[in-house]
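Here is target-v6.cif, consisting of mmCIF, C-alpha atoms:
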```cif
data_data
loop_
_atom_site.group_PDB
_atom_site.id
_atom_site.type_symbol
_atom_site.label_atom_id
_atom_site.label_comp_id
_atom_site.auth_asym_id
_atom_site.auth_seq_id
_atom_site.Cartn_x
_atom_site.Cartn_y
_atom_site.Cartn_z
ATOM 1 C CA MET A 1 -78.480 -38.296 -3.631
ATOM 2 C CA ALA A 2 -76.780 -37.449 -0.356
ATOM 3 C CA ASN A 3 -75.345 -40.328 1.662
ATOM 4 C CA THR A 4 -74.935 -38.938 5.174
ATOM 5 C CA ARG A 5 -77.653 -37.722 7.515
ATOM 6 C CA SER A 6 -76.017 -34.318 7.763
ATOM 7 C CA ALA A 7 -75.956 -33.951 3.980
ATOM 8 C CA ARG A 8 -79.656 -34.884 3.752
ATOM 9 C CA LYS A 9 -80.434 -32.336 6.445
ATOM 10 C CA ARG A 10 -78.385 -29.700 4.639
ATOM 11 C CA ILE A 11 -80.364 -30.322 1.432
ATOM 12 C CA LYS A 12 -83.644 -29.812 3.297
ATOM 13 C CA GLN A 13 -82.349 -26.625 4.939
ATOM 14 C CA ASN A 14 -81.139 -25.238 1.631
ATOM 15 C CA GLU A 15 -84.498 -25.862 -0.013
ATOM 16 C CA LYS A 16 -86.375 -24.126 2.818
ATOM 17 C CA ARG A 17 -84.062 -21.145 2.623
ATOM 18 C CA ARG A 18 -84.267 -21.000 -1.166
ATOM 19 C CA LEU A 19 -88.061 -20.811 -1.047
ATOM 20 C CA ARG A 20 -88.036 -18.196 1.717
ATOM 21 C CA ASN A 21 -85.422 -16.097 -0.102
ATOM 22 C CA ARG A 22 -87.408 -16.315 -3.330
ATOM 23 C CA ALA A 23 -90.565 -15.075 -1.593
ATOM 24 C CA VAL A 24 -88.750 -12.172 0.064
ATOM 25 C CA ARG A 25 -86.970 -11.221 -3.165
ATOM 26 C CA SER A 26 -90.265 -11.282 -5.052
ATOM 27 C CA ALA A 27 -91.928 -9.047 -2.448
ATOM 28 C CA VAL A 28 -89.031 -6.587 -2.670
ATOM 29 C CA ARG A 29 -89.228 -6.476 -6.455
ATOM 30 C CA SER A 30 -92.983 -5.895 -6.323
ATOM 31 C CA SER A 31 -92.692 -3.062 -3.823
ATOM 32 C CA VAL A 32 -89.879 -1.376 -5.771
ATOM 33 C CA LYS A 33 -91.863 -1.714 -8.987
ATOM 34 C CA GLY A 34 -94.915 -0.210 -7.274
ATOM 35 C CA ALA A 35 -92.811 2.688 -6.022
ATOM 36 C CA ARG A 36 -91.438 3.325 -9.520
ATOM 37 C CA GLU A 37 -94.941 3.313 -10.970
ATOM 38 C CA ALA A 38 -96.142 5.682 -8.249
ATOM 39 C CA LEU A 39 -93.220 8.006 -8.982
ATOM 40 C CA ALA A 40 -94.152 8.022 -12.662
ATOM 41 C CA LYS A 41 -97.784 8.896 -11.892
ATOM 42 C CA GLY A 42 -97.324 11.871 -9.642
ATOM 43 C CA PRO A 43 -96.011 13.557 -6.529
ATOM 44 C CA GLU A 44 -98.131 11.530 -4.059
ATOM 45 C CA SER A 45 -95.630 8.680 -4.093
ATOM 46 C CA ALA A 46 -93.680 9.202 -0.855
ATOM 47 C CA THR A 47 -95.533 6.427 0.950
ATOM 48 C CA ALA A 48 -94.844 3.913 -1.821
ATOM 49 C CA VAL A 49 -91.157 4.826 -1.775
ATOM 50 C CA ARG A 50 -91.082 4.536 2.014
ATOM 51 C CA ASP A 51 -92.662 1.078 1.830
ATOM 52 C CA ALA A 52 -90.166 -0.026 -0.821
ATOM 53 C CA ILE A 53 -87.243 1.201 1.284
ATOM 54 C CA ARG A 54 -88.642 -0.647 4.279
ATOM 55 C CA ALA A 55 -88.911 -3.845 2.231
ATOM 56 C CA LEU A 56 -85.321 -3.450 1.011
ATOM 57 C CA ASP A 57 -84.037 -2.944 4.555
ATOM 58 C CA ARG A 58 -85.965 -6.002 5.754
ATOM 59 C CA ALA A 59 -84.453 -8.111 2.966
ATOM 60 C CA VAL A 60 -80.954 -6.991 3.963
ATOM 61 C CA THR A 61 -81.642 -7.867 7.598
ATOM 62 C CA GLN A 62 -82.793 -11.329 6.555
ATOM 63 C CA GLY A 63 -79.673 -11.797 4.441
ATOM 64 C CA VAL A 64 -81.553 -12.112 1.149
ATOM 65 C CA ILE A 65 -79.838 -9.241 -0.673
ATOM 66 C CA HIS A 66 -76.534 -7.486 -0.127
ATOM 67 C CA ARG A 67 -76.585 -4.188 1.755
ATOM 68 C CA ASN A 68 -74.892 -2.320 -1.095
ATOM 69 C CA THR A 69 -77.530 -3.543 -3.539
ATOM 70 C CA ALA A 70 -80.251 -2.252 -1.237
ATOM 71 C CA ALA A 71 -78.417 1.050 -0.783
ATOM 72 C CA ARG A 72 -78.121 1.483 -4.541
ATOM 73 C CA ARG A 73 -81.822 0.798 -5.097
ATOM 74 C CA LYS A 74 -82.866 3.062 -2.214
ATOM 75 C CA SER A 75 -80.660 5.832 -3.570
ATOM 76 C CA ALA A 76 -82.198 5.540 -7.029
ATOM 77 C CA LEU A 77 -85.719 5.746 -5.586
ATOM 78 C CA ALA A 78 -84.797 8.748 -3.441
ATOM 79 C CA ARG A 79 -83.259 10.530 -6.422
ATOM 80 C CA LYS A 80 -86.414 10.020 -8.454
ATOM 81 C CA LEU A 81 -88.563 11.166 -5.542
ATOM 82 C CA ASN A 82 -86.574 14.356 -5.007
ATOM 83 C CA VAL A 83 -86.434 15.502 -8.637
ATOM 84 C CA PRO A 84 -87.757 19.081 -8.735
ATOM 85 C CA ALA A 85 -91.061 19.296 -10.561
#
```
Please express the file's structure as structure tokens.
Amino acid sequence: MANTRSARKRIKQNEKRRLRNRAVRSAVRSSVKGAREALAKGPESATAVRDAIRALDRAVTQGVIHRNTAARRKSALARKLNVPA
């Protein structure tokens, strides 16, 4: 257990951030999964992809995921969206 007040505070801060990051990461994964499923179903999936991209950008802004990770995932979704039918 931490001895100093600052160390105890740091533990509490880290736990809060861990829970918040986990919730944001879970929401991002769900939206990306929904976009992939929508892409598999048919051409009416642009809104799902847009929502997933928005969630990825929000996660980057909050510092939950790295910007290159988000860019890679957004690029993959866009490629799947723009495949000629």
Separation of CA of Ile53 in chain A from CA of Arg72 in chain A, in Å and rounded to one decimal: 10.8 Å
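As for CA of Asp57 in chain A and CA of Ala70 in chain A, they are spaced 7.0 Å apart.
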Residues selected by the PyMOL selection byres ((chain A and resi 49) around 8), written as JSON, numbers by chain: {"A": [32, 35, 36, 45, 46, 47, 48, 50, 51, 52, 53, 77, 78, 81]}
Keeping only C-alpha atoms, write those residues as a CSV table (one decimal), keeping the file's coordinate frame.
```csv
chain,number,residue,atom,x,y,z
A,32,VAL,CA,-89.9,-1.4,-5.8
A,35,ALA,CA,-92.8,2.7,-6.0
A,36,ARG,CA,-91.4,3.3,-9.5
A,45,SER,CA,-95.6,8.7,-4.1
A,46,ALA,CA,-93.7,9.2,-0.9
A,47,THR,CA,-95.5,6.4,1.0
A,48,ALA,CA,-94.8,3.9,-1.8
A,50,ARG,CA,-91.1,4.5,2.0
A,51,ASP,CA,-92.7,1.1,1.8
A,52,ALA,CA,-90.2,0.0,-0.8
A,53,ILE,CA,-87.2,1.2,1.3
A,77,LEU,CA,-85.7,5.7,-5.6
A,78,ALA,CA,-84.8,8.7,-3.4
A,81,LEU,CA,-88.6,11.2,-5.5
```
Non-local contacts of range 28-30 of chain A (8 Å; all atoms listed in the file; under 2 positions in same chain excluded) as an MDAnalysis selection string: chainID A and resid 24:26 32:34 52 55:56 59
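Residues matched by the PyMOL selection byres ((chain A and resi 21) around 9) in this file are Lys16, Arg17, Arg18, Leu19, Arg20, Arg22, Ala23, Val24, Arg25, Ser26, Ala59, Gln62, Gly63, Val64 and Ile65 of chain A.
Put simply, CA of Ser31 in chain A is 27.2 Å away from CA of Gln13 in chain A.
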Report, as lines of an AutoDock Vina configuration file, the centre and edge lengths in Å (one decimal) of the axis-aligned box enclosing every listed atom of range 3-8 of chain A, padded by 4 Å on each side.
```
center_x = -77.3
center_y = -37.1
center_z = 4.7
size_x = 12.7
size_y = 14.4
size_z = 14.1
```
Polymer residues at most 12 Å from Met1 in chain A, only C-alpha atoms, same-chain spacing of 6 or more positions, as number ranges by chain: A: 7-11
Output of the above residues as a CSV table (one decimal), in the coordinates of the input, restricted to C-alpha atoms:
```csv
chain,number,residue,atom,x,y,z
A,7,ALA,CA,-76.0,-34.0,4.0
A,8,ARG,CA,-79.7,-34.9,3.8
A,9,LYS,CA,-80.4,-32.3,6.4
A,10,ARG,CA,-78.4,-29.7,4.6
A,11,ILE,CA,-80.4,-30.3,1.4
```
